[in-house]
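Q: What follows is final.txt; its format and atoms are compact mmCIF, C-alpha atoms.
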```txt
# COMPACT_ATOMS: atom_id res chain seq x y z
CA MET A 167 0.00 0.00 0.00
CA GLN A 168 1.32 3.41 -0.94
CA THR A 169 1.80 6.01 1.77
CA ASN A 170 2.83 9.63 1.77
CA ILE A 171 6.43 10.56 1.10
CA PRO A 172 8.15 13.96 0.86
CA ASN A 173 7.68 15.95 -2.31
CA VAL A 174 10.63 15.56 -4.64
CA ASN A 175 13.22 18.38 -4.67
CA GLU A 176 11.64 20.20 -1.73
CA ASP A 177 12.79 20.90 1.84
CA PRO A 178 9.99 22.89 3.46
CA ALA A 179 11.21 22.27 7.02
CA GLY A 180 14.76 23.46 6.25
CA ILE A 181 16.34 20.13 7.19
CA LEU A 182 19.40 20.64 4.98
CA SER A 183 20.10 24.07 6.47
CA ARG A 184 20.80 22.35 9.80
CA VAL A 185 23.11 19.68 8.38
CA THR A 186 26.82 20.24 8.95
CA CYS A 187 28.18 16.94 7.59
CA PHE A 188 27.03 14.89 4.61
CA ALA A 189 27.70 11.14 4.58
CA LEU A 190 27.52 10.28 0.90
CA ASP A 191 27.02 6.92 -0.70
CA MET A 192 29.12 6.65 -3.84
CA ASP A 193 27.91 4.47 -6.73
CA GLY A 194 24.48 5.63 -7.82
CA THR A 195 24.71 8.78 -5.70
CA ILE A 196 27.89 10.58 -6.75
CA TYR A 197 28.97 8.55 -9.77
CA LEU A 198 28.07 5.57 -11.90
CA GLY A 199 31.16 3.50 -12.59
CA GLU A 200 33.74 6.08 -13.70
CA ARG A 201 31.17 8.72 -14.74
CA TRP A 202 30.07 11.59 -12.52
CA ILE A 203 26.34 11.94 -11.96
CA ASP A 204 25.40 15.30 -13.45
CA GLY A 205 25.99 18.07 -10.93
CA ALA A 206 27.74 15.91 -8.34
CA LYS A 207 31.06 17.78 -8.44
CA ALA A 208 29.26 21.11 -8.13
CA PHE A 209 27.36 19.67 -5.15
CA LEU A 210 30.60 18.70 -3.39
CA GLU A 211 32.05 22.14 -4.08
CA ARG A 212 28.93 23.80 -2.68
CA ILE A 213 29.17 21.78 0.54
CA GLU A 214 32.68 23.08 1.16
CA VAL A 215 31.94 26.67 0.09
CA SER A 216 29.04 26.72 2.56
CA GLY A 217 31.39 25.75 5.41
CA ARG A 218 30.12 22.19 5.74
CA THR A 219 31.98 18.91 5.37
CA TYR A 220 31.39 15.59 3.66
CA VAL A 221 32.69 12.04 3.70
CA PHE A 222 32.03 9.14 1.37
CA LEU A 223 30.41 6.23 3.21
CA THR A 224 30.41 2.95 1.32
CA ASN A 225 29.50 -0.65 2.11
CA ASN A 226 31.90 -1.93 -0.54
CA SER A 227 34.67 -3.82 1.28
CA SER A 228 36.42 -5.04 -1.87
CA LYS A 229 38.34 -1.75 -2.06
CA ASN A 230 40.30 0.15 0.54
CA ALA A 231 40.44 3.91 1.06
CA ALA A 232 43.53 4.35 -1.13
CA VAL A 233 41.77 2.78 -4.11
CA TYR A 234 38.83 5.17 -3.76
CA VAL A 235 41.19 8.14 -3.49
CA GLU A 236 42.93 7.02 -6.70
CA LYS A 237 39.61 6.55 -8.49
CA LEU A 238 38.32 9.97 -7.50
CA GLU A 239 41.61 11.54 -8.60
CA ARG A 240 41.24 9.89 -12.02
CA MET A 241 37.81 11.47 -12.18
CA GLY A 242 39.20 14.90 -11.32
CA LEU A 243 38.55 15.14 -7.56
CA VAL A 244 41.53 15.31 -5.21
CA VAL A 245 40.68 14.18 -1.67
CA GLY A 246 42.56 12.47 1.13
CA GLU A 247 41.83 9.11 2.71
CA GLU A 248 40.19 10.91 5.62
CA LYS A 249 37.21 11.47 3.29
CA ILE A 250 36.63 7.72 2.81
CA VAL A 251 34.68 5.59 5.29
CA THR A 252 34.19 1.93 4.38
CA SER A 253 32.51 -1.08 5.94
CA GLY A 254 35.95 -2.70 6.04
CA GLN A 255 37.27 0.09 8.26
CA ALA A 256 34.18 -0.11 10.45
CA THR A 257 34.70 -3.86 10.83
CA ILE A 258 38.28 -3.30 11.94
CA TYR A 259 36.99 -0.80 14.51
CA TYR A 260 34.43 -3.35 15.74
CA LEU A 261 37.01 -6.14 15.99
CA LYS A 262 39.36 -3.98 18.05
CA ARG A 263 36.58 -3.13 20.48
CA HIS A 264 34.95 -6.55 20.81
CA PHE A 265 37.63 -9.10 19.82
CA PRO A 266 40.94 -7.45 20.77
CA GLY A 267 43.95 -9.56 19.89
CA LYS A 268 41.87 -12.37 18.41
CA LYS A 269 42.99 -14.24 15.29
CA VAL A 270 40.75 -13.58 12.30
CA PHE A 271 39.97 -15.69 9.27
CA LEU A 272 39.19 -13.07 6.64
CA LEU A 273 37.28 -13.95 3.50
CA GLY A 274 38.38 -10.91 1.53
CA ASN A 275 40.64 -9.82 -1.28
CA MET A 276 44.21 -8.57 -0.99
CA LEU A 277 43.22 -4.90 -0.67
CA LEU A 278 41.13 -5.63 2.41
CA ARG A 279 43.72 -8.02 3.83
CA GLU A 280 46.33 -5.27 3.58
CA GLU A 281 44.02 -2.84 5.37
CA PHE A 282 43.41 -5.34 8.20
CA LEU A 283 47.11 -6.07 8.58
CA GLN A 284 48.05 -2.38 8.57
CA ALA A 285 45.52 -1.86 11.37
CA GLY A 286 47.16 -4.58 13.45
CA ILE A 287 44.54 -7.30 12.99
CA VAL A 288 46.09 -10.78 13.20
CA LEU A 289 45.00 -12.88 10.21
CA GLU A 290 44.95 -16.67 10.56
CA GLU A 291 44.18 -19.30 7.93
CA ASP A 292 44.18 -22.50 10.00
CA ASN A 293 43.18 -21.85 13.62
CA PRO A 294 41.23 -18.58 13.86
CA ASP A 295 39.15 -17.26 16.73
CA VAL A 296 36.75 -15.22 14.58
CA VAL A 297 35.44 -15.38 11.01
CA VAL A 298 34.95 -12.22 8.96
CA THR A 299 33.40 -12.32 5.50
CA ALA A 300 33.55 -9.43 3.03
CA PHE A 301 32.94 -8.75 -0.65
CA ASP A 302 35.70 -11.07 -1.83
CA THR A 303 36.35 -10.49 -5.53
CA SER A 304 39.11 -13.13 -5.41
CA LEU A 305 36.75 -15.83 -4.15
CA ASP A 306 37.39 -19.44 -5.12
CA TYR A 307 36.01 -22.83 -4.11
CA LYS A 308 38.85 -23.60 -1.71
CA LYS A 309 38.12 -20.41 0.23
CA MET A 310 34.41 -21.21 0.35
CA CYS A 311 35.07 -24.68 1.72
CA ARG A 312 37.34 -23.29 4.42
CA VAL A 313 35.01 -20.50 5.56
CA CYS A 314 32.08 -22.93 5.70
CA ASP A 315 34.14 -25.26 7.90
CA PHE A 316 34.87 -22.47 10.38
CA VAL A 317 31.29 -21.19 10.41
CA ARG A 318 29.95 -24.75 10.80
CA ALA A 319 32.30 -25.22 13.76
CA GLY A 320 30.54 -22.37 15.56
CA LEU A 321 33.18 -19.61 15.51
CA PRO A 322 31.94 -16.03 15.94
CA TYR A 323 30.92 -14.93 12.45
CA LEU A 324 30.98 -11.29 11.35
CA ALA A 325 30.28 -9.72 7.96
CA THR A 326 31.31 -6.35 6.62
CA HIS A 327 27.97 -5.55 4.94
CA PRO A 328 24.72 -7.15 3.72
CA ASP A 329 24.41 -6.09 0.04
CA TYR A 330 23.36 -8.94 -2.24
CA ASN A 331 24.58 -7.32 -5.44
CA CYS A 332 27.11 -4.68 -6.41
CA PRO A 333 26.21 -2.29 -9.26
CA THR A 334 28.64 -1.99 -12.16
CA GLU A 335 28.51 -0.20 -15.50
CA ASP A 336 27.46 -3.54 -17.04
CA GLY A 337 24.79 -4.50 -14.50
CA PHE A 338 25.06 -6.30 -11.15
CA ILE A 339 27.58 -8.77 -9.74
CA PRO A 340 27.15 -10.94 -6.59
CA ASP A 341 28.16 -9.10 -3.44
CA ALA A 342 28.64 -10.07 0.22
CA GLY A 343 25.01 -11.01 0.82
CA ALA A 344 25.20 -13.61 -1.94
CA ILE A 345 28.26 -15.06 -0.22
CA HIS A 346 26.31 -15.21 3.05
CA ALA A 347 23.58 -17.18 1.26
CA PHE A 348 26.13 -19.69 -0.05
CA ILE A 349 27.60 -20.15 3.44
CA HIS A 350 24.13 -20.55 4.96
CA ALA A 351 23.22 -23.22 2.42
CA SER A 352 26.24 -25.27 3.54
CA ALA A 353 26.84 -24.30 7.19
CA PHE A 354 23.26 -23.32 8.18
CA ARG A 355 24.28 -19.99 9.73
CA TYR A 356 23.97 -16.37 8.74
CA PRO A 357 26.43 -13.84 10.20
CA ASP A 358 26.08 -13.13 13.91
CA ARG A 359 26.77 -9.46 13.22
CA VAL A 360 26.69 -7.40 10.01
CA ILE A 361 28.63 -4.15 10.35
CA GLY A 362 27.72 -2.07 7.28
CA LYS A 363 24.65 -0.03 6.36
CA PRO A 364 21.86 -0.19 7.47
CA ASN A 365 23.27 -1.43 10.76
CA GLY A 366 24.37 0.71 13.66
CA ASP A 367 28.01 -0.33 13.91
CA ILE A 368 29.08 1.56 10.79
CA ILE A 369 27.21 4.64 12.03
CA ASP A 370 28.97 4.37 15.39
CA TYR A 371 32.27 4.31 13.51
CA LEU A 372 31.20 7.19 11.26
CA THR A 373 30.47 9.43 14.24
CA THR A 374 33.97 8.80 15.64
CA ARG A 375 35.42 9.86 12.30
CA VAL A 376 33.42 13.05 11.73
CA ASN A 377 32.95 14.10 15.39
CA THR A 378 29.49 15.48 14.66
CA GLU A 379 26.13 15.13 16.40
CA ARG A 380 23.97 12.57 14.62
CA SER A 381 21.11 14.99 14.09
CA CYS A 382 23.48 17.22 12.10
CA ILE A 383 24.61 14.41 9.74
CA ALA A 384 22.71 13.66 6.55
CA MET A 385 22.97 10.19 5.03
CA VAL A 386 22.54 10.65 1.27
CA GLY A 387 22.11 7.60 -0.93
CA ASP A 388 20.17 5.78 -3.60
CA ARG A 389 19.19 2.63 -1.68
CA LEU A 390 16.27 2.57 0.72
CA TYR A 391 17.22 -0.61 2.58
CA THR A 392 20.83 0.41 3.28
CA ASP A 393 21.40 4.17 3.00
CA ILE A 394 17.99 5.47 4.03
CA ALA A 395 17.43 2.80 6.68
CA ALA A 396 20.84 3.61 8.16
CA GLY A 397 19.88 7.25 8.52
CA ARG A 398 16.35 6.66 9.74
CA ASN A 399 17.22 3.96 12.26
CA HIS A 400 20.24 5.62 13.84
CA GLY A 401 19.38 9.28 14.33
CA LEU A 402 20.68 10.81 11.09
CA GLN A 403 18.80 12.83 8.50
CA SER A 404 18.10 10.63 5.47
CA VAL A 405 18.06 11.89 1.89
CA LEU A 406 17.09 9.61 -0.98
CA VAL A 407 18.38 10.45 -4.45
CA LEU A 408 16.67 8.93 -7.48
CA SER A 409 19.85 8.76 -9.57
CA GLY A 410 20.65 5.13 -8.74
CA GLU A 411 18.75 2.05 -7.61
CA ALA A 412 15.55 3.25 -5.93
CA SER A 413 12.65 4.78 -7.84
CA LEU A 414 9.93 7.08 -6.57
CA GLU A 415 7.55 4.13 -6.63
CA ASP A 416 9.98 2.15 -4.48
CA ALA A 417 9.95 4.98 -1.94
CA GLN A 418 6.15 5.08 -1.94
CA ASN A 419 5.91 1.35 -1.29
CA SER A 420 8.76 1.04 1.21
CA GLU A 421 8.31 0.86 4.97
CA VAL A 422 11.49 2.94 5.23
CA LYS A 423 10.67 6.57 4.46
CA PRO A 424 13.38 9.17 3.76
CA HIS A 425 13.20 12.61 5.34
CA LEU A 426 13.82 14.15 1.91
CA ILE A 427 13.85 13.02 -1.73
CA PHE A 428 15.78 14.64 -4.57
CA SER A 429 16.13 13.70 -8.22
CA SER A 430 19.91 13.83 -7.71
CA VAL A 431 22.41 15.65 -5.54
CA ARG A 432 22.42 18.49 -8.09
CA GLU A 433 18.91 19.48 -6.97
CA MET A 434 20.13 19.76 -3.36
CA ILE A 435 22.52 22.61 -4.18
CA PRO A 436 19.99 25.50 -3.80
CA PHE A 437 19.18 24.31 -0.26
CA LEU A 438 22.79 24.46 1.00
```
What does this structure look like when you write it as structure tokens?
A:
Amino acid sequence: MQTNIPNVNEDPAGILSRVTCFALDMDGTIYLGERWIDGAKAFLERIEVSGRTYVFLTNNSSKNAAVYVEKLERMGLVVGEEKIVTSGQATIYYLKRHFPGKKVFLLGNMLLREEFLQAGIVLEEDNPDVVVTAFDTSLDYKKMCRVCDFVRAGLPYLATHPDYNCPTEDGFIPDAGAIHAFIHASAFRYPDRVIGKPNGDIIDYLTTRVNTERSCIAMVGDRLYTDIAAGRNHGLQSVLVLSGEASLEDAQNSEVKPHLIFSSVREMIPFL
């Protein structure tokens, strides 16, 4: 059943005027593949000119912050790694708080492994204390057998994020959630804890990074069940953009309702 949602490209309550930090999803919100969404660069410039700040907040744990910095530089935007917040980083933060010093079996690619090691996480292939699964773009059958063994044995089982598919310029490819489904089919368990959007752990980590009151942070993204739910459920302002996955009809039919809806980030500029 359809229910009321905000009018598109309007902010009658002045929500955006009270936002001091924008947490921005990336693919579908700021760019598609290697192509800027129209007006996105001007939007980022306007945030900074207005005295506000922004960070990019992504569930994608197949890339580390340095890779995103390099990609943005190729696209003509020079930022530092302090602007990048990933589910991989949030998982490291969670491990340090809840499993300090524990040995981790990480189902992830080399970029994520390097990030874990640089953060001081002990990685273990044979006798781990904890299992962490990510968006492993180097996945093979041997890895799947091993992770299923550890999960079946009852080890604590964490996941970086829940997304079933990852958007690409050519369509969708299986993401972390699809890996969870494979593991469940064999080991009969889903992750004990999922860190990334829409869950609270990544928002906890975000607030430590930006040092801003939650009510003054806007989560801007194109997915209702990750981006908008993360904002709605954890005290942030939530802004849906229709430049990626979700349509206006999706928003009308969803139980998760954004505070604001814009056609794209370009239409937000006059409100900043």
Q: Using the file's own x, y and z axes, what box holds all listed atoms of segment 421-433 of chain A with 3 Å on each side, keeping edges along x, y and z, and what are its centre and edge lengths in Å to one decimal, as AutoDock Vina command-line options?
A:
```
--center_x 15.4 --center_y 10.2 --center_z -1.4 --size_x 20.1 --size_y 24.6 --size_z 19.6
```
Q: Counting only C-alpha atoms, which residue out of A:Lys269, A:Arg432, A:Arg375, A:Lys363 sits closest to Cys187 of chain A?
A: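 Nearest candidate to Cys187 of chain A out of A:Lys269, A:Arg432, A:Arg375, A:Lys363: A:Arg375.
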Q: Name the residues, using the chain letters and numbers of the file, that sit within 10 Å of (38.1, 12.0, 2.5) when counting only C-alpha atoms, and give them as a PyMOL selection string.
A: chain A and resi 219-223+231+234-235+244-251
Q: When you look at Ile287 of chain A with a cut-off of 8 Å (counting all atoms listed in the file), what residues show up, excluding the ones that are within fewer than 2 positions of it in the same chain? I need them as a PyMOL selection string.
A: chain A and resi 258+262+267-270+282-285+289
Q: Please write the residues from the selection above to a file, keeping C-alpha atoms, as a CSV table (one decimal), keeping the file's coordinate frame.
A:
```
chain,number,residue,atom,x,y,z
A,258,ILE,CA,38.3,-3.3,11.9
A,262,LYS,CA,39.4,-4.0,18.0
A,267,GLY,CA,44.0,-9.6,19.9
A,268,LYS,CA,41.9,-12.4,18.4
A,269,LYS,CA,43.0,-14.2,15.3
A,270,VAL,CA,40.8,-13.6,12.3
A,282,PHE,CA,43.4,-5.3,8.2
A,283,LEU,CA,47.1,-6.1,8.6
A,284,GLN,CA,48.0,-2.4,8.6
A,285,ALA,CA,45.5,-1.9,11.4
A,289,LEU,CA,45.0,-12.9,10.2
```
Q: A:Ala342, A:Cys382, A:Ala179, A:Leu273: which is nearest Lys308 of chain A, counting only C-alpha atoms?
A: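 Under the stated criterion, the closest residue is A:Leu273.
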Q: Counting only C-alpha atoms, which of A:Pro333, A:Gly286, A:Gly397, A:Pro357 gets nearest to Cys314 of chain A?
A: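 With only C-alpha atoms as the atom set, the closest residue is A:Pro357.
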Q: Check which residues of segment 188-248 of chain A sit at most 12 Å from segment 318-326 of chain A using all atoms listed in the file, and return one row each with the closest pair of atoms and their distance in Å to one decimal, ordered by chain and rising number, as CSV.
A:
```
residue,atom,partner,partner_atom,distance
A:Thr224,CA,A:Thr326,CA,10.7
A:Asn225,CA,A:Thr326,CA,7.5
A:Asn226,CA,A:Thr326,CA,8.4
A:Ser227,CA,A:Thr326,CA,6.8
A:Ser228,CA,A:Thr326,CA,10.0
```
Q: Could you name the residues that touch Asn173 of chain A at 9 Å or less, counting all atoms listed in the file, but leaving out those on the same chain fewer than 2 positions away, as a PyMOL selection string?
A: chain A and resi 170-171+175-177+426-428
Q: Which polymer residues have any atom within 7 Å of an atom of Glu411 of chain A, counting only C-alpha atoms, with same-chain residues fewer than 6 positions away left out, as a VMD selection string?
A: chain A and resid 194 388 to 389
Q: Hey, what's within 12 Å of Ile339 of chain A if we count only C-alpha atoms and toss same-chain stuff fewer than 5 positions away? As a CSV table (one decimal) with C-alpha atoms, keeping the file's coordinate frame, please?
A:
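Saved file around-v9.csv follows:
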```csv
chain,number,residue,atom,x,y,z
A,301,PHE,CA,32.9,-8.8,-0.6
A,302,ASP,CA,35.7,-11.1,-1.8
A,303,THR,CA,36.4,-10.5,-5.5
A,329,ASP,CA,24.4,-6.1,0.0
A,330,TYR,CA,23.4,-8.9,-2.2
A,331,ASN,CA,24.6,-7.3,-5.4
A,332,CYS,CA,27.1,-4.7,-6.4
A,333,PRO,CA,26.2,-2.3,-9.3
A,334,THR,CA,28.6,-2.0,-12.2
A,344,ALA,CA,25.2,-13.6,-1.9
A,345,ILE,CA,28.3,-15.1,-0.2
```
Q: Separation of atom CA of Ala206 of chain A and atom CA of Asp193 of chain A, in Å?
A: 11.6 Å
Q: So, counting only C-alpha atoms, which residue among A:His425, A:Ala417, A:Thr195, A:Ile383 is closest to Arg398 of chain A?
A: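 Ranking A:His425, A:Ala417, A:Thr195, A:Ile383 by distance to Arg398 of chain A, first place goes to A:His425.
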Q: Select, from A:Leu190, A:Ala347, A:Ile369, A:Ile213, the residue with the minimum atom-to-atom distance to Ala256 of chain A, counting only C-alpha atoms.
A: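 With only C-alpha atoms as the atom set, the closest residue is A:Ile369.
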Q: Could you pull segment 191-203 of chain A out of the structure I just pasted and write it to a file containing all heavy atoms, as a PDB file, in the first residue's frame?
A:
```
ATOM      1  N   ASP A 191      26.787   8.148   0.049  1.00  0.00           N
ATOM      2  CA  ASP A 191      27.018   6.923  -0.698  1.00  0.00           C
ATOM      3  C   ASP A 191      27.723   7.298  -1.996  1.00  0.00           C
ATOM      4  O   ASP A 191      27.712   8.466  -2.413  1.00  0.00           O
ATOM      5  CB  ASP A 191      25.675   6.231  -0.972  1.00  0.00           C
ATOM      6  CG  ASP A 191      25.851   4.932  -1.718  1.00  0.00           C
ATOM      7  OD1 ASP A 191      26.604   4.067  -1.235  1.00  0.00           O
ATOM      8  OD2 ASP A 191      25.245   4.785  -2.799  1.00  0.00           O
ATOM      9  N   MET A 192      28.304   6.326  -2.662  1.00  0.00           N
ATOM     10  CA  MET A 192      29.119   6.648  -3.838  1.00  0.00           C
ATOM     11  C   MET A 192      28.436   6.220  -5.133  1.00  0.00           C
ATOM     12  O   MET A 192      27.847   7.031  -5.849  1.00  0.00           O
ATOM     13  CB  MET A 192      30.514   6.026  -3.680  1.00  0.00           C
ATOM     14  CG  MET A 192      31.213   6.520  -2.418  1.00  0.00           C
ATOM     15  SD  MET A 192      32.844   5.833  -2.107  1.00  0.00           S
ATOM     16  CE  MET A 192      33.850   6.860  -3.151  1.00  0.00           C
ATOM     17  N   ASP A 193      28.479   4.920  -5.453  1.00  0.00           N
ATOM     18  CA  ASP A 193      27.914   4.470  -6.728  1.00  0.00           C
ATOM     19  C   ASP A 193      26.400   4.641  -6.733  1.00  0.00           C
ATOM     20  O   ASP A 193      25.711   4.128  -5.860  1.00  0.00           O
ATOM     21  CB  ASP A 193      28.282   3.008  -6.983  1.00  0.00           C
ATOM     22  CG  ASP A 193      28.770   2.782  -8.401  1.00  0.00           C
ATOM     23  OD1 ASP A 193      28.181   3.377  -9.316  1.00  0.00           O
ATOM     24  OD2 ASP A 193      29.741   2.030  -8.586  1.00  0.00           O
ATOM     25  N   GLY A 194      25.901   5.357  -7.720  1.00  0.00           N
ATOM     26  CA  GLY A 194      24.478   5.630  -7.822  1.00  0.00           C
ATOM     27  C   GLY A 194      24.071   6.945  -7.183  1.00  0.00           C
ATOM     28  O   GLY A 194      22.972   7.441  -7.416  1.00  0.00           O
ATOM     29  N   THR A 195      24.978   7.513  -6.387  1.00  0.00           N
ATOM     30  CA  THR A 195      24.707   8.779  -5.702  1.00  0.00           C
ATOM     31  C   THR A 195      25.616   9.892  -6.211  1.00  0.00           C
ATOM     32  O   THR A 195      25.149  10.983  -6.535  1.00  0.00           O
ATOM     33  CB  THR A 195      24.895   8.609  -4.184  1.00  0.00           C
ATOM     34  OG1 THR A 195      23.993   7.605  -3.708  1.00  0.00           O
ATOM     35  CG2 THR A 195      24.646   9.912  -3.444  1.00  0.00           C
ATOM     36  N   ILE A 196      26.905   9.609  -6.281  1.00  0.00           N
ATOM     37  CA  ILE A 196      27.893  10.581  -6.748  1.00  0.00           C
ATOM     38  C   ILE A 196      28.384  10.237  -8.151  1.00  0.00           C
ATOM     39  O   ILE A 196      28.633  11.127  -8.972  1.00  0.00           O
ATOM     40  CB  ILE A 196      29.086  10.642  -5.760  1.00  0.00           C
ATOM     41  CG1 ILE A 196      28.601  11.115  -4.386  1.00  0.00           C
ATOM     42  CG2 ILE A 196      30.182  11.560  -6.298  1.00  0.00           C
ATOM     43  CD1 ILE A 196      28.012  12.519  -4.375  1.00  0.00           C
ATOM     44  N   TYR A 197      28.544   8.972  -8.432  1.00  0.00           N
ATOM     45  CA  TYR A 197      28.966   8.548  -9.771  1.00  0.00           C
ATOM     46  C   TYR A 197      28.327   7.225 -10.129  1.00  0.00           C
ATOM     47  O   TYR A 197      27.747   6.525  -9.288  1.00  0.00           O
ATOM     48  CB  TYR A 197      30.495   8.459  -9.868  1.00  0.00           C
ATOM     49  CG  TYR A 197      31.171   7.570  -8.836  1.00  0.00           C
ATOM     50  CD1 TYR A 197      30.940   6.197  -8.774  1.00  0.00           C
ATOM     51  CD2 TYR A 197      32.074   8.097  -7.914  1.00  0.00           C
ATOM     52  CE1 TYR A 197      31.566   5.384  -7.849  1.00  0.00           C
ATOM     53  CE2 TYR A 197      32.707   7.296  -6.966  1.00  0.00           C
ATOM     54  CZ  TYR A 197      32.451   5.935  -6.952  1.00  0.00           C
ATOM     55  OH  TYR A 197      33.072   5.134  -6.024  1.00  0.00           O
ATOM     56  N   LEU A 198      28.428   6.886 -11.391  1.00  0.00           N
ATOM     57  CA  LEU A 198      28.073   5.565 -11.903  1.00  0.00           C
ATOM     58  C   LEU A 198      29.297   5.021 -12.603  1.00  0.00           C
ATOM     59  O   LEU A 198      29.703   5.546 -13.650  1.00  0.00           O
ATOM     60  CB  LEU A 198      26.889   5.641 -12.870  1.00  0.00           C
ATOM     61  CG  LEU A 198      25.516   5.930 -12.253  1.00  0.00           C
ATOM     62  CD1 LEU A 198      24.506   6.227 -13.344  1.00  0.00           C
ATOM     63  CD2 LEU A 198      25.052   4.754 -11.397  1.00  0.00           C
ATOM     64  N   GLY A 199      29.910   4.006 -12.020  1.00  0.00           N
ATOM     65  CA  GLY A 199      31.161   3.504 -12.591  1.00  0.00           C
ATOM     66  C   GLY A 199      32.240   4.558 -12.498  1.00  0.00           C
ATOM     67  O   GLY A 199      32.644   4.971 -11.414  1.00  0.00           O
ATOM     68  N   GLU A 200      32.714   5.037 -13.644  1.00  0.00           N
ATOM     69  CA  GLU A 200      33.735   6.083 -13.695  1.00  0.00           C
ATOM     70  C   GLU A 200      33.145   7.394 -14.211  1.00  0.00           C
ATOM     71  O   GLU A 200      33.881   8.297 -14.606  1.00  0.00           O
ATOM     72  CB  GLU A 200      34.897   5.639 -14.601  1.00  0.00           C
ATOM     73  CG  GLU A 200      35.646   4.415 -14.110  1.00  0.00           C
ATOM     74  CD  GLU A 200      36.881   4.751 -13.293  1.00  0.00           C
ATOM     75  OE1 GLU A 200      37.393   5.889 -13.427  1.00  0.00           O
ATOM     76  OE2 GLU A 200      37.337   3.892 -12.525  1.00  0.00           O
ATOM     77  N   ARG A 201      31.833   7.519 -14.200  1.00  0.00           N
ATOM     78  CA  ARG A 201      31.171   8.720 -14.736  1.00  0.00           C
ATOM     79  C   ARG A 201      30.448   9.461 -13.619  1.00  0.00           C
ATOM     80  O   ARG A 201      29.665   8.884 -12.877  1.00  0.00           O
ATOM     81  CB  ARG A 201      30.175   8.302 -15.834  1.00  0.00           C
ATOM     82  CG  ARG A 201      29.376   9.459 -16.423  1.00  0.00           C
ATOM     83  CD  ARG A 201      28.500   8.972 -17.567  1.00  0.00           C
ATOM     84  NE  ARG A 201      27.530   7.964 -17.142  1.00  0.00           N
ATOM     85  CZ  ARG A 201      26.359   8.259 -16.551  1.00  0.00           C
ATOM     86  NH1 ARG A 201      26.032   9.521 -16.304  1.00  0.00           N
ATOM     87  NH2 ARG A 201      25.523   7.288 -16.207  1.00  0.00           N
ATOM     88  N   TRP A 202      30.742  10.761 -13.503  1.00  0.00           N
ATOM     89  CA  TRP A 202      30.066  11.585 -12.524  1.00  0.00           C
ATOM     90  C   TRP A 202      28.570  11.660 -12.828  1.00  0.00           C
ATOM     91  O   TRP A 202      28.170  11.802 -13.988  1.00  0.00           O
ATOM     92  CB  TRP A 202      30.623  13.016 -12.544  1.00  0.00           C
ATOM     93  CG  TRP A 202      31.982  13.166 -11.948  1.00  0.00           C
ATOM     94  CD1 TRP A 202      33.155  13.298 -12.619  1.00  0.00           C
ATOM     95  CD2 TRP A 202      32.312  13.206 -10.560  1.00  0.00           C
ATOM     96  NE1 TRP A 202      34.196  13.411 -11.744  1.00  0.00           N
ATOM     97  CE2 TRP A 202      33.708  13.358 -10.473  1.00  0.00           C
ATOM     98  CE3 TRP A 202      31.558  13.125  -9.391  1.00  0.00           C
ATOM     99  CZ2 TRP A 202      34.368  13.438  -9.244  1.00  0.00           C
ATOM    100  CZ3 TRP A 202      32.221  13.199  -8.178  1.00  0.00           C
ATOM    101  CH2 TRP A 202      33.609  13.357  -8.105  1.00  0.00           C
ATOM    102  N   ILE A 203      27.744  11.584 -11.811  1.00  0.00           N
ATOM    103  CA  ILE A 203      26.341  11.936 -11.963  1.00  0.00           C
ATOM    104  C   ILE A 203      26.267  13.445 -12.145  1.00  0.00           C
ATOM    105  O   ILE A 203      26.968  14.204 -11.463  1.00  0.00           O
ATOM    106  CB  ILE A 203      25.526  11.450 -10.745  1.00  0.00           C
ATOM    107  CG1 ILE A 203      25.391   9.916 -10.812  1.00  0.00           C
ATOM    108  CG2 ILE A 203      24.168  12.126 -10.668  1.00  0.00           C
ATOM    109  CD1 ILE A 203      24.760   9.291  -9.612  1.00  0.00           C
TER     110      ILE A 203
END
```
